[in-house]
Structure formats: structure tokens, C-alpha cells
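For reference, upload04.csv is printed below; it contains CSV, C-alpha atoms.
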```
chain,number,residue,atom,x,y,z
A,955,MET,CA,7.6,19.8,-29.1
A,956,ASN,CA,8.4,16.1,-29.3
A,957,PRO,CA,8.0,14.2,-26.1
A,958,PRO,CA,11.2,13.0,-24.5
A,959,THR,CA,12.1,9.3,-24.8
A,960,LEU,CA,12.2,7.0,-21.8
A,961,GLU,CA,16.0,6.9,-22.0
A,962,GLU,CA,16.4,10.7,-22.1
A,963,LEU,CA,14.3,11.0,-18.9
A,964,VAL,CA,16.1,8.2,-17.0
A,965,LEU,CA,19.6,9.1,-18.0
A,966,ALA,CA,19.1,12.7,-16.9
A,967,LEU,CA,18.6,11.6,-13.3
A,968,PRO,CA,21.5,11.4,-10.8
A,969,SER,CA,22.4,7.8,-10.1
A,970,SER,CA,23.9,8.3,-6.7
A,971,LEU,CA,22.2,6.8,-3.6
A,972,GLY,CA,22.1,10.1,-1.8
A,973,SER,CA,23.0,10.4,1.9
A,974,TYR,CA,22.1,6.8,2.7
A,975,GLY,CA,24.6,5.6,0.1
A,976,PRO,CA,27.7,5.4,2.3
A,977,LEU,CA,25.7,3.8,5.1
A,978,MET,CA,24.3,1.1,2.7
A,979,GLN,CA,27.8,0.4,1.4
A,980,GLU,CA,29.1,0.1,4.9
A,981,ILE,CA,26.4,-2.5,5.7
A,982,GLU,CA,27.3,-4.4,2.5
A,983,LYS,CA,30.9,-4.3,3.6
A,984,ALA,CA,30.1,-5.6,7.1
A,985,LEU,CA,27.9,-8.4,5.6
A,986,ALA,CA,30.8,-9.5,3.4
A,987,SER,CA,33.1,-9.8,6.4
A,988,PRO,CA,33.7,-13.3,7.8
A,989,GLN,CA,33.4,-11.8,11.3
A,990,CYS,CA,30.0,-10.2,10.5
A,991,SER,CA,27.6,-10.0,13.5
A,992,LEU,CA,24.4,-8.2,14.3
A,993,GLY,CA,26.4,-6.0,16.6
A,994,MET,CA,28.6,-4.9,13.6
A,995,ILE,CA,25.6,-4.0,11.5
A,996,ALA,CA,24.1,-2.2,14.5
A,997,ASP,CA,27.3,-0.2,15.0
A,998,VAL,CA,27.0,1.1,11.4
A,999,ILE,CA,23.4,2.1,11.8
A,1000,GLU,CA,23.9,3.7,15.2
A,1001,LYS,CA,26.3,6.2,13.6
A,1002,ASP,CA,23.1,7.9,12.2
A,1003,ILE,CA,21.2,9.1,15.3
A,1004,ASP,CA,18.1,10.1,13.4
A,1005,LEU,CA,17.9,6.7,11.6
A,1006,THR,CA,18.5,4.8,14.8
A,1007,ALA,CA,15.6,6.6,16.5
A,1008,ARG,CA,13.3,6.1,13.6
A,1009,LEU,CA,14.3,2.4,13.3
A,1010,LEU,CA,13.5,1.8,16.9
A,1011,ARG,CA,10.2,3.6,16.8
A,1012,PHE,CA,9.3,1.6,13.6
A,1013,SER,CA,10.4,-1.7,15.2
A,1014,ASN,CA,8.0,-1.1,18.1
A,1015,SER,CA,5.1,-0.1,15.8
A,1016,ALA,CA,2.0,-1.9,14.6
A,1017,TYR,CA,3.7,-2.5,11.3
A,1018,CYS,CA,6.2,-4.9,12.8
A,1019,GLY,CA,3.7,-6.2,15.5
A,1020,PHE,CA,6.2,-7.6,18.0
A,1021,SER,CA,4.8,-8.3,21.5
A,1022,THR,CA,8.0,-7.3,23.3
A,1023,ARG,CA,9.5,-3.9,23.4
A,1024,LEU,CA,12.7,-3.6,21.5
A,1025,SER,CA,15.2,-1.1,22.9
A,1026,THR,CA,18.4,-1.6,21.0
A,1027,VAL,CA,19.3,-1.6,17.3
A,1028,THR,CA,20.8,-5.1,17.6
A,1029,GLU,CA,17.5,-6.4,18.9
A,1030,ALA,CA,15.6,-4.6,16.2
A,1031,ILE,CA,17.8,-6.0,13.4
A,1032,GLY,CA,17.7,-9.4,14.9
A,1033,LEU,CA,13.9,-9.5,14.8
A,1034,ILE,CA,13.2,-7.5,11.7
A,1035,GLY,CA,16.0,-9.1,9.7
A,1036,ILE,CA,18.9,-7.5,7.8
A,1037,GLN,CA,17.3,-7.8,4.5
A,1038,GLN,CA,14.3,-5.8,5.6
A,1039,VAL,CA,16.5,-3.1,7.1
A,1040,GLN,CA,18.3,-2.8,3.8
A,1041,ASP,CA,14.9,-2.6,2.0
A,1042,LEU,CA,13.9,0.2,4.4
A,1043,LEU,CA,17.2,2.1,3.7
A,1044,THR,CA,16.6,1.7,-0.1
A,1045,ALA,CA,13.1,3.1,0.3
A,1046,SER,CA,14.4,6.0,2.4
A,1047,SER,CA,17.1,6.8,-0.1
A,1048,VAL,CA,14.6,6.9,-3.0
A,1049,ILE,CA,12.2,9.2,-1.1
A,1050,GLU,CA,15.2,11.5,-0.3
A,1051,ARG,CA,16.4,11.4,-3.9
A,1052,PHE,CA,13.1,12.9,-5.1
A,1053,ALA,CA,12.8,15.5,-2.3
A,1054,GLY,CA,13.2,18.3,-4.8
A,1055,VAL,CA,10.1,17.6,-6.8
A,1056,SER,CA,7.6,20.6,-6.7
A,1057,ASN,CA,4.0,20.3,-5.6
A,1058,GLU,CA,2.8,21.8,-8.9
A,1059,PHE,CA,1.0,18.7,-10.2
A,1060,VAL,CA,0.5,16.6,-7.1
A,1061,SER,CA,1.4,17.3,-3.4
A,1062,VAL,CA,4.6,15.3,-2.9
A,1063,GLN,CA,3.5,14.5,0.6
A,1064,SER,CA,0.3,13.0,-0.8
A,1065,PHE,CA,2.2,11.2,-3.5
A,1066,TRP,CA,4.4,9.4,-0.9
A,1067,GLN,CA,1.3,8.7,1.3
A,1068,HIS,CA,-0.3,6.9,-1.6
A,1069,SER,CA,3.0,5.0,-2.3
A,1070,LEU,CA,3.6,4.0,1.3
A,1071,ALA,CA,0.1,2.8,1.8
A,1072,THR,CA,0.4,0.8,-1.5
A,1073,GLY,CA,3.6,-0.7,0.0
A,1074,ILE,CA,1.9,-1.7,3.2
A,1075,ALA,CA,-1.0,-3.2,1.2
A,1076,GLY,CA,1.6,-5.2,-0.9
A,1077,ARG,CA,3.2,-6.6,2.1
A,1078,LEU,CA,-0.1,-7.5,3.8
A,1079,ILE,CA,-1.4,-9.2,0.6
A,1080,ALA,CA,1.9,-11.1,0.3
A,1081,MET,CA,1.6,-12.2,3.9
A,1082,GLU,CA,-2.0,-13.2,3.5
A,1083,ARG,CA,-1.2,-15.3,0.4
A,1084,ARG,CA,2.0,-16.7,2.0
A,1085,LEU,CA,4.2,-15.4,-0.8
A,1086,PRO,CA,8.0,-15.3,-0.3
A,1087,ARG,CA,9.7,-12.0,0.6
A,1088,PRO,CA,6.6,-9.9,1.6
A,1089,ASP,CA,9.0,-7.0,2.4
A,1090,ARG,CA,10.1,-6.9,-1.3
A,1091,LEU,CA,6.4,-6.3,-2.1
A,1092,PHE,CA,6.5,-3.4,0.2
A,1093,VAL,CA,9.3,-1.8,-1.8
A,1094,SER,CA,7.5,-2.6,-5.1
A,1095,GLY,CA,4.4,-0.9,-3.8
A,1096,LEU,CA,6.3,2.0,-2.6
A,1097,LEU,CA,8.0,2.5,-6.0
A,1098,HIS,CA,5.1,1.7,-8.3
A,1099,ASP,CA,4.3,5.2,-9.3
A,1100,ILE,CA,7.8,6.6,-9.2
A,1101,GLY,CA,7.7,7.2,-13.0
A,1102,ARG,CA,5.3,10.1,-12.3
A,1103,LEU,CA,7.9,11.8,-10.1
A,1104,VAL,CA,10.5,11.4,-12.9
A,1105,LEU,CA,8.0,13.0,-15.3
A,1106,PHE,CA,7.2,15.9,-12.9
A,1107,LEU,CA,10.9,16.5,-12.3
A,1108,GLN,CA,12.3,16.0,-15.8
A,1109,ALA,CA,9.5,16.9,-18.2
A,1110,PRO,CA,7.2,19.4,-16.4
A,1111,LYS,CA,5.9,20.9,-19.7
A,1112,HIS,CA,4.7,17.5,-20.9
A,1113,ALA,CA,3.3,16.7,-17.4
A,1114,GLN,CA,1.3,20.0,-17.8
A,1115,LYS,CA,-0.1,18.8,-21.1
A,1116,ILE,CA,-1.0,15.4,-19.6
A,1117,PHE,CA,-2.9,17.0,-16.7
A,1118,GLU,CA,-4.7,19.4,-19.1
A,1119,LEU,CA,-5.8,16.5,-21.3
A,1120,TYR,CA,-6.8,14.4,-18.3
A,1121,LYS,CA,-9.0,17.2,-16.9
A,1122,LYS,CA,-10.5,18.2,-20.2
A,1123,GLU,CA,-11.5,14.8,-21.4
A,1124,ARG,CA,-12.1,13.2,-18.0
A,1125,ILE,CA,-10.0,10.1,-18.8
A,1126,LEU,CA,-7.7,8.1,-16.6
A,1127,LEU,CA,-4.4,9.9,-16.0
A,1128,ARG,CA,-2.5,6.9,-17.4
A,1129,GLU,CA,-4.4,7.2,-20.7
A,1130,ALA,CA,-3.5,10.8,-20.9
A,1131,GLU,CA,0.2,9.9,-20.4
A,1132,VAL,CA,0.1,7.4,-23.3
A,1133,ARG,CA,-1.6,10.0,-25.6
A,1134,VAL,CA,1.0,12.7,-24.8
A,1135,LEU,CA,4.2,10.7,-24.5
A,1136,GLY,CA,3.5,7.4,-26.2
A,1137,TYR,CA,4.3,5.5,-22.9
A,1138,ASP,CA,3.1,5.7,-19.3
A,1139,HIS,CA,4.5,6.1,-15.8
A,1140,GLN,CA,4.9,2.3,-15.3
A,1141,ASN,CA,7.1,2.1,-18.4
A,1142,LEU,CA,9.2,5.0,-17.1
A,1143,ALA,CA,9.5,3.4,-13.6
A,1144,GLU,CA,10.6,0.1,-15.2
A,1145,SER,CA,13.4,1.9,-17.2
A,1146,LEU,CA,14.5,3.8,-14.1
A,1147,LEU,CA,14.6,0.8,-11.8
A,1148,LYS,CA,16.3,-1.3,-14.4
A,1149,SER,CA,19.0,1.4,-14.7
A,1150,TRP,CA,19.4,1.4,-10.9
A,1151,LYS,CA,19.9,-2.4,-11.1
A,1152,TYR,CA,16.9,-3.3,-8.9
A,1153,PRO,CA,16.0,-7.0,-8.8
A,1154,PRO,CA,14.2,-8.1,-12.0
A,1155,PRO,CA,11.0,-9.4,-10.3
A,1156,LEU,CA,10.6,-6.0,-8.5
A,1157,VAL,CA,11.2,-4.1,-11.8
A,1158,MET,CA,8.7,-6.2,-13.7
A,1159,ALA,CA,6.1,-5.9,-10.9
A,1160,VAL,CA,6.3,-2.1,-11.0
A,1161,GLY,CA,6.5,-2.0,-14.8
A,1162,ASN,CA,3.3,-4.0,-15.2
A,1163,HIS,CA,1.2,-3.0,-12.3
A,1164,HIS,CA,-1.6,-1.7,-14.6
A,1165,ASN,CA,-1.5,-4.8,-16.9
A,1166,PRO,CA,-0.3,-7.6,-14.5
A,1167,SER,CA,-1.6,-10.4,-16.7
A,1168,SER,CA,0.8,-9.5,-19.5
A,1169,CYS,CA,3.8,-10.1,-17.4
A,1170,GLU,CA,4.5,-13.9,-17.3
A,1171,ALA,CA,7.7,-13.7,-15.4
A,1172,ALA,CA,6.4,-11.7,-12.4
A,1173,ARG,CA,2.6,-12.3,-12.8
A,1174,VAL,CA,2.0,-12.8,-9.1
A,1175,GLU,CA,4.1,-9.8,-7.9
A,1176,ALA,CA,2.5,-7.5,-10.5
A,1177,ALA,CA,-0.9,-8.7,-9.4
A,1178,VAL,CA,-0.1,-7.9,-5.8
A,1179,VAL,CA,1.0,-4.3,-6.7
A,1180,HIS,CA,-2.1,-3.9,-9.0
A,1181,LEU,CA,-4.5,-4.9,-6.2
A,1182,SER,CA,-2.6,-2.8,-3.6
A,1183,ASP,CA,-2.8,0.2,-5.9
A,1184,HIS,CA,-6.5,-0.4,-6.4
A,1185,LEU,CA,-7.3,-0.7,-2.7
A,1186,VAL,CA,-5.3,2.4,-1.8
A,1187,ASN,CA,-6.9,4.4,-4.6
A,1188,ALA,CA,-10.3,3.3,-3.3
A,1189,MET,CA,-9.3,4.2,0.3
A,1190,ARG,CA,-8.1,7.6,-0.8
A,1191,VAL,CA,-4.9,7.5,1.2
A,1192,GLY,CA,-2.8,10.2,-0.5
A,1193,SER,CA,-2.8,10.5,-4.3
A,1194,SER,CA,-0.4,10.1,-7.1
A,1195,GLY,CA,-2.5,12.4,-9.3
A,1196,GLU,CA,-5.3,10.0,-10.4
A,1197,HIS,CA,-8.7,11.2,-9.4
A,1198,PHE,CA,-10.5,7.9,-10.2
A,1199,VAL,CA,-10.1,4.4,-8.9
A,1200,PRO,CA,-8.8,2.5,-12.0
A,1201,PRO,CA,-10.6,-0.8,-12.6
A,1202,LEU,CA,-9.5,-4.0,-10.9
A,1203,ASN,CA,-8.1,-6.5,-13.4
A,1204,PRO,CA,-10.2,-9.7,-12.9
A,1205,GLN,CA,-7.3,-11.9,-14.0
A,1206,ALA,CA,-5.0,-10.4,-11.3
A,1207,TRP,CA,-7.6,-11.2,-8.7
A,1208,THR,CA,-7.8,-14.8,-9.9
A,1209,THR,CA,-4.0,-15.1,-10.0
A,1210,LEU,CA,-3.9,-14.2,-6.4
A,1211,GLY,CA,-6.7,-16.6,-5.4
A,1212,MET,CA,-8.1,-14.0,-2.9
A,1213,THR,CA,-11.6,-14.1,-1.5
A,1214,PRO,CA,-13.7,-10.9,-1.1
A,1215,GLY,CA,-13.8,-11.7,2.6
A,1216,SER,CA,-10.1,-11.1,3.0
A,1217,LEU,CA,-10.4,-7.5,1.8
A,1218,GLN,CA,-11.6,-6.1,5.1
A,1219,MET,CA,-8.5,-7.4,6.9
A,1220,ILE,CA,-6.2,-5.9,4.4
A,1221,VAL,CA,-7.9,-2.5,4.4
A,1222,ARG,CA,-7.9,-2.5,8.2
A,1223,GLY,CA,-4.2,-3.5,8.3
A,1224,ILE,CA,-3.3,-0.6,6.0
A,1225,ASP,CA,-5.1,1.9,8.4
A,1226,GLU,CA,-3.5,0.4,11.4
A,1227,GLN,CA,0.1,0.5,10.1
A,1228,PHE,CA,0.0,3.7,8.1
A,1229,ASP,CA,0.9,6.2,10.8
A,1230,ALA,CA,4.0,4.2,11.9
A,1231,VAL,CA,5.2,3.8,8.3
A,1232,GLN,CA,4.6,7.4,7.5
A,1233,GLU,CA,6.6,8.5,10.5
A,1234,MET,CA,9.5,6.2,9.5
A,1235,PHE,CA,9.7,7.5,6.0
A,1236,LEU,CA,8.2,11.0,6.0
A,1237,GLY,CA,8.9,11.9,9.6
A,1238,ALA,CA,5.2,13.1,9.9
B,381,MET,CA,-28.0,-9.8,21.7
B,382,PRO,CA,-27.4,-8.9,18.0
B,383,ARG,CA,-26.0,-11.4,15.6
B,384,ILE,CA,-23.5,-9.7,13.4
B,385,LYS,CA,-22.1,-10.8,10.1
B,386,THR,CA,-18.4,-11.5,10.3
B,387,GLU,CA,-17.6,-9.0,7.6
B,388,SER,CA,-19.3,-6.3,9.7
B,389,LEU,CA,-17.5,-7.0,12.9
B,390,GLN,CA,-15.4,-4.3,14.4
B,391,GLU,CA,-12.4,-4.4,16.8
B,392,GLY,CA,-13.6,-3.9,20.4
B,393,MET,CA,-17.0,-5.7,20.1
B,394,VAL,CA,-17.6,-8.2,22.9
B,395,VAL,CA,-18.5,-11.8,22.0
B,396,SER,CA,-21.6,-13.0,23.8
B,397,VAL,CA,-21.7,-16.7,22.9
B,398,ASP,CA,-18.7,-19.0,22.4
B,399,VAL,CA,-17.7,-19.2,18.7
B,400,LYS,CA,-16.8,-22.7,17.5
B,401,ASN,CA,-15.7,-24.1,14.2
B,402,ILE,CA,-17.4,-26.9,12.3
B,403,ASP,CA,-15.4,-29.4,14.3
B,404,ASN,CA,-16.8,-27.9,17.5
B,405,MET,CA,-13.3,-26.5,18.4
B,406,LEU,CA,-13.5,-23.3,20.4
B,407,LEU,CA,-12.3,-20.4,18.3
B,408,ILE,CA,-13.2,-17.4,20.5
B,409,PRO,CA,-14.8,-17.7,24.0
B,410,SER,CA,-17.7,-15.7,25.2
B,411,GLY,CA,-16.8,-12.4,26.9
B,412,CYS,CA,-13.8,-11.9,24.7
B,413,THR,CA,-13.2,-8.4,23.3
B,414,LEU,CA,-12.5,-8.9,19.6
B,415,THR,CA,-9.1,-7.9,18.1
B,416,VAL,CA,-8.4,-7.5,14.4
B,417,ARG,CA,-6.5,-10.8,14.5
B,418,GLN,CA,-9.5,-12.6,15.9
B,419,ILE,CA,-11.8,-11.2,13.2
B,420,GLY,CA,-9.3,-12.5,10.7
B,421,ILE,CA,-9.4,-16.0,12.3
B,422,LEU,CA,-13.2,-16.0,12.1
B,423,GLN,CA,-13.0,-15.0,8.4
B,424,ALA,CA,-10.3,-17.7,7.8
B,425,TRP,CA,-12.6,-20.3,9.3
B,426,GLY,CA,-15.5,-19.2,7.2
B,427,VAL,CA,-17.7,-18.2,10.2
B,428,GLU,CA,-20.6,-16.3,8.8
B,429,ASN,CA,-21.9,-14.5,11.8
B,430,ILE,CA,-21.5,-14.4,15.6
B,431,GLU,CA,-23.4,-13.0,18.6
B,432,VAL,CA,-22.0,-9.9,20.3
B,433,LYS,CA,-23.1,-7.9,23.3
B,434,SER,CA,-25.3,-4.9,22.3
B,435,GLY,CA,-24.4,-1.3,23.0
B,436,GLY,CA,-20.6,-1.9,22.8
B,437,ASP,CA,-18.4,1.1,22.0
B,438,ALA,CA,-17.5,-0.2,18.6
B,439,GLU,CA,-21.1,-0.6,17.6
B,440,ALA,CA,-21.9,2.9,18.8
B,441,ALA,CA,-18.9,4.2,16.9
B,442,ASP,CA,-20.1,2.9,13.5
B,443,LYS,CA,-21.5,6.1,12.2
B,444,MET,CA,-23.0,4.4,9.2
B,445,THR,CA,-25.7,2.8,11.3
B,446,THR,CA,-26.8,6.1,12.7
B,447,MET,CA,-26.3,8.3,9.6
B,448,PRO,CA,-29.5,10.0,8.2
B,449,ALA,CA,-30.7,8.3,5.0
B,450,ASP,CA,-30.2,11.4,2.8
B,451,ALA,CA,-26.6,11.8,4.1
B,452,LEU,CA,-25.9,8.1,3.5
B,453,GLU,CA,-27.3,8.3,0.0
B,454,LYS,CA,-25.1,11.4,-0.8
B,455,LEU,CA,-22.0,9.7,0.5
B,456,THR,CA,-22.8,6.5,-1.4
B,457,ALA,CA,-23.2,8.4,-4.7
B,458,GLU,CA,-19.9,10.3,-3.9
B,459,VAL,CA,-17.9,7.2,-3.3
B,460,ARG,CA,-19.5,5.4,-6.3
B,461,ALA,CA,-18.5,8.2,-8.6
B,462,THR,CA,-14.8,7.7,-7.8
B,463,PHE,CA,-14.7,4.2,-9.2
B,464,TRP,CA,-13.9,4.1,-13.0
B,465,LYS,CA,-16.2,1.7,-14.9
B,466,ALA,CA,-16.9,-0.6,-12.0
B,467,ASP,CA,-19.5,-3.4,-12.3
B,468,ASP,CA,-22.0,-3.4,-9.4
B,469,ALA,CA,-22.7,-7.1,-10.1
B,470,ASP,CA,-19.1,-8.0,-9.5
B,471,PRO,CA,-18.8,-9.6,-6.0
B,472,VAL,CA,-15.3,-8.3,-5.4
B,473,PHE,CA,-16.4,-4.7,-6.2
B,474,ALA,CA,-19.5,-5.1,-4.1
B,475,GLU,CA,-17.5,-6.2,-1.1
B,476,LEU,CA,-14.8,-3.5,-1.5
B,477,PHE,CA,-17.5,-0.8,-2.0
B,478,LYS,CA,-19.2,-1.8,1.2
B,479,ILE,CA,-15.9,-1.6,3.1
B,480,ILE,CA,-14.9,1.7,1.6
B,481,LEU,CA,-18.3,3.2,2.3
B,482,ARG,CA,-18.2,2.2,5.9
B,483,ARG,CA,-14.7,3.5,6.2
B,484,ARG,CA,-15.6,6.8,4.7
B,485,ALA,CA,-18.7,7.2,7.0
B,486,ASN,CA,-16.5,6.6,10.0
B,487,ARG,CA,-13.5,8.8,9.2
B,488,PRO,CA,-13.0,12.1,7.5
B,489,ALA,CA,-12.2,12.1,3.8
B,490,GLY,CA,-8.6,12.0,2.8
B,491,LYS,CA,-7.4,10.2,6.0
```
Could the structure of this file be written out as C-alpha cells, please?
Amino acid sequence: MNPPTLEELVLALPSSLGSYGPLMQEIEKALASPQCSLGMIADVIEKDIDLTARLLRFSNSAYCGFSTRLSTVTEAIGLIGIQQVQDLLTASSVIERFAGVSNEFVSVQSFWQHSLATGIAGRLIAMERRLPRPDRLFVSGLLHDIGRLVLFLQAPKHAQKIFELYKKERILLREAEVRVLGYDHQNLAESLLKSWKYPPPLVMAVGNHHNPSSCEAARVEAAVVHLSDHLVNAMRVGSSGEHFVPPLNPQAWTTLGMTPGSLQMIVRGIDEQFDAVQEMFLGA
Amino acid sequence: MPRIKTESLQEGMVVSVDVKNIDNMLLIPSGCTLTVRQIGILQAWGVENIEVKSGGDAEAADKMTTMPADALEKLTAEVRATFWKADDADPVFAELFKIILRRRANRPAGK
């Protein structure tokens, strides 16, 4: 049985944005209007009662860290920013799109816990290093292992082989992927996100999170996702299937210019923000 | 009053002596209950250790300090086994391992 190619796996997935699609299009439309105001965007969001409630809880959570209590969607968007609200919707739509994946290989809940925590870590590291667009690093972290879900969904027989090899030889899961398929989950995620027309730095960061030094164009972003994944694996917050904590790439560490003393603050921040982010995206 | 390394400080500990930076600027006054943000400020200023009041809730809550030696040894081996080909001499790994070990001692696995 020949393994499927990257293209075969990616093309077989539905390309729609799911139930958030119309909402995201309406926001785009409102943003393009010369009369666009925060109130107009809030009106669009408020049509979705569940999303409104989650957005308000999220805006008042430790993740956002505002000192005043926000009680309207307009206030929330004003302080969080429209770009971040769009990023949050994108993330919600991706989680929804993979809702049908079975728990055969990895608990889907645990998979998203690992992904969300990696997103939080990415944002915290970006903030600590004063990088632009820390929220984009949240989305990159959230989506970094999405290739695994594609594999579980589209090629369960090959996923089975990968897990058998991984358990039998006690190697890293990623090595087992390469031996069975000839590519790994980061290559798969890169193809998928490229086909969904995600921004190139995000695609490259996700597609090189295990070898961040080889990606010249998004070296810093890839290093952020790499370190985030390393920390969250070490913390054991959820799991995307890997039992071990894969090694930290020393070049990625150097690229980021971090000091060991900053790690505790990042780990603590992940713990503090995790419950709010989990509630926003998984409703738990 | 114990002198605690900045990296071992916990939220909720009470500062017992004013903390100043190298220019004698007051960073955190005595009597202040530490927040995560303030611990970050201390780290950012490179403060190595500060004095805190003994017997605080946070200190009592650090289960690693009261864990029996054999249980701590078992936990250390368990956490160490999860790291793939890590180098104990690497300062980044050493720091992360210390943080993860304390975290594991203070909260149930998987959370």
C-alpha cells in the first residue's frame, strides 16, 4: 500500500470555512465599508449569541489581562482589536472543521489542549521578545500540529502503521511519520495552510517548527513555535500523540535571544491563561 | 527571614525587605505580596534573590520542599525520562527541568 501524497491528503479536505464562514465574510464586508465602525462589527458578532458570550468571557479573562470589566462587544473589540477577533474566529473555525476526527490515535480534546497551550506560549514568547503581531503567533502555535489531524482523518491506515512503528522502536513520532510516509506532519500542515491561503510567515513557521533554522524567511516565527511546542510538551498540557519531549534546537534558542530566567514566566503565563483559552475554544 | 532566589519565587510570597535595583531605585517595597508581574520585573532587572517573610501560604504550598526524598527521586526520574536526548549540562535544559519538576510536584500530572 503506497502512502498518499501530500497533495492527495490536502485536496480531499473540504475547503469551506464551516459555520463561522458567513460571519467572517460579513466582518470583511463591514471592514471594507467606508462607514465601518466598531459598532458595525459588534452588530455582526452579536448575531451569534454563543460567540458573543464566549468573546466577553474571554475578553475579561487572564489571557487578555485588562484591569477594567468589559461588558459589551464594542468595548471588547475596541480593546482586543479587530485583527485579533478575526484570528480568534479563524482558530474557532479550524477547530470546528476537524470536529469529526476520532479519538482512535489521540484524544481530540487532548490534541487541542496541546495546540491551544502552544498558541498561548507562542503569544507570550512573542510579547516577551517584543515581536510584531503576537496574536499571529498564537494562531501559528494553535495550528502547528494540524497535519496530524489531517493524517488521522484522511489516512487512518497509515496513521496506524506510524503509531505501531513508533511504539515498537521507541522513536520520535515524527521520525515514524517520515519512515512510513516520506514526509511528516509539519510538511502536511504547510501544504494545507498554503492551500487555505494563510499568510506565508504563518505557513512557514508551522511548516518548519521542528527545523526552525532551515527556514530563512520565517526563522524567528518558526523558532517561537518550536520553543512553544517544546515547553508545552515538557509541561504535559494535552498531547498531539508524542510521548517524548523532542529536543530543543539550540539555534532556535539563540535566534530568539532568550535567557533561561525568562522560562519560568512563560510557563507560569501558560498555566494562568490556559483555562480561559480552553473555555473560549473548546467550551470546557 | 528566608532569602529566596528570584527563580524560586512564587506568587503570593510577602517581601520582607525593600528590593532595589543597582541604581538604588525601589522596585518592590517591603510588605508587598508578590504578583507574577512583579516576579517578572525582578527577573528583568537581574535581581538574584530577595528576602521574604517565612511561613507564607505560597511557601507552604510548594510541595517539593516537603516531599519525602524517595518520592522526589522517583518523580525526578519520571520527568527526566520524558525528555528525548536532553543534555544535563545544557543550562537551558537545566532551568526548564527545574521548573517542570517543581510544577509536577505541585499539581497532578496531565493538568
Could you build a table of the residues in chain A lying no more than 6 Å from chain B, giving for each the nearest pair of atoms and their separation in Å rounded to one decimal place, using only C-alpha atoms, ordered by chain and ascending residue number, as a Markdown table?
```
| residue | atom | partner | partner_atom | distance |
| --- | --- | --- | --- | --- |
| A:Arg1190 | CA | B:Gly490 | CA | 5.7 |
| A:Phe1198 | CA | B:Thr462 | CA | 4.9 |
| A:Val1199 | CA | B:Phe463 | CA | 4.6 |
| A:Pro1200 | CA | B:Trp464 | CA | 5.4 |
| A:Pro1201 | CA | B:Trp464 | CA | 5.9 |
| A:Pro1214 | CA | B:Val472 | CA | 5.3 |
```
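Taking only C-alpha atoms into account, those protein, DNA and RNA residues with any atom at most 12 Å away from (17.1, 7.4, -17.6) amount to Pro958, Thr959, Leu960, Glu961, Glu962, Leu963, Val964, Leu965, Ala966, Leu967, Pro968, Ser969, Gly1101, Val1104, Leu1105, Gln1108, Asn1141, Leu1142, Ala1143, Glu1144, Ser1145, Leu1146, Leu1147, Lys1148, Ser1149 and Trp1150 of chain A.
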Checklist line | Exercise: Glu1131 (chain A) partners within 12 Å, only C-alpha atoms, chain neighbours under 2 positions left out, as a PyMOL selection string | finding: chain A and resi 957+1101-1102+1105-1106+1109+1112-1120+1125-1129+1133-1142+1195-1196
Item checked: Shell around region 1018-1035 of chain A at 10 Å using all atoms listed in the file, local window under 2 positions removed, as a list in words ->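 Contacts, in chain order: Ser991, Leu992, Gly993, Met994, Ile995, Ala996, Asp997, Ile999, Glu1000, Thr1006, Ala1007, Leu1009, Leu1010, Arg1011, Phe1012, Ser1013, Asn1014, Ser1015, Ala1016, Gln1037, Gln1038, Val1039, Gln1040, Gln1227, Ala1230 and Val1231 of chain A.
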Next item on the list: Have a look at CA of Ala1159 (chain A) and CA of Glu1175 (chain A) and let me know their distance in Å, one decimal.
Entry: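 CA of Ala1159 (chain A) sits 5.3 Å away from CA of Glu1175 (chain A).
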Show me, as an mmCIF file with C-alpha atoms, in the coordinates of the input, the residues that have an atom within 8 Å of Thr413 (chain B) when counting only C-alpha atoms, minus same-chain residues fewer than 3 positions from it.
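See around21.cif below for the written result:
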```cif
data_model
loop_
_atom_site.group_PDB
_atom_site.id
_atom_site.type_symbol
_atom_site.label_atom_id
_atom_site.label_comp_id
_atom_site.auth_asym_id
_atom_site.auth_seq_id
_atom_site.Cartn_x
_atom_site.Cartn_y
_atom_site.Cartn_z
ATOM 1 C CA GLU B 391 -12.400 -4.400 16.800
ATOM 2 C CA GLY B 392 -13.600 -3.900 20.400
ATOM 3 C CA MET B 393 -17.000 -5.700 20.100
ATOM 4 C CA VAL B 394 -17.600 -8.200 22.900
ATOM 5 C CA VAL B 395 -18.500 -11.800 22.000
#
```
As a PDB file with C-alpha atoms, keeping the file's coordinate frame, please: the residues near region 1042-1056 of chain A (cut-off 8 Å, all atoms listed in the file, same-chain neighbours under 4 positions excluded).
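Writing the result to around_38.pdb gives the following:
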```pdb
ATOM      1  CA  LEU A 971      22.200   6.800  -3.600  1.00  0.00           C
ATOM      2  CA  GLY A 972      22.100  10.100  -1.800  1.00  0.00           C
ATOM      3  CA  SER A 973      23.000  10.400   1.900  1.00  0.00           C
ATOM      4  CA  TYR A 974      22.100   6.800   2.700  1.00  0.00           C
ATOM      5  CA  GLY A 975      24.600   5.600   0.100  1.00  0.00           C
ATOM      6  CA  MET A 978      24.300   1.100   2.700  1.00  0.00           C
ATOM      7  CA  GLN A1038      14.300  -5.800   5.600  1.00  0.00           C
ATOM      8  CA  SER A1061       1.400  17.300  -3.400  1.00  0.00           C
ATOM      9  CA  VAL A1062       4.600  15.300  -2.900  1.00  0.00           C
ATOM     10  CA  TRP A1066       4.400   9.400  -0.900  1.00  0.00           C
ATOM     11  CA  VAL A1093       9.300  -1.800  -1.800  1.00  0.00           C
ATOM     12  CA  LEU A1096       6.300   2.000  -2.600  1.00  0.00           C
ATOM     13  CA  LEU A1103       7.900  11.800 -10.100  1.00  0.00           C
ATOM     14  CA  PHE A1106       7.200  15.900 -12.900  1.00  0.00           C
ATOM     15  CA  LEU A1107      10.900  16.500 -12.300  1.00  0.00           C
ATOM     16  CA  PHE A1235       9.700   7.500   6.000  1.00  0.00           C
TER      17      PHE A1235
END
```
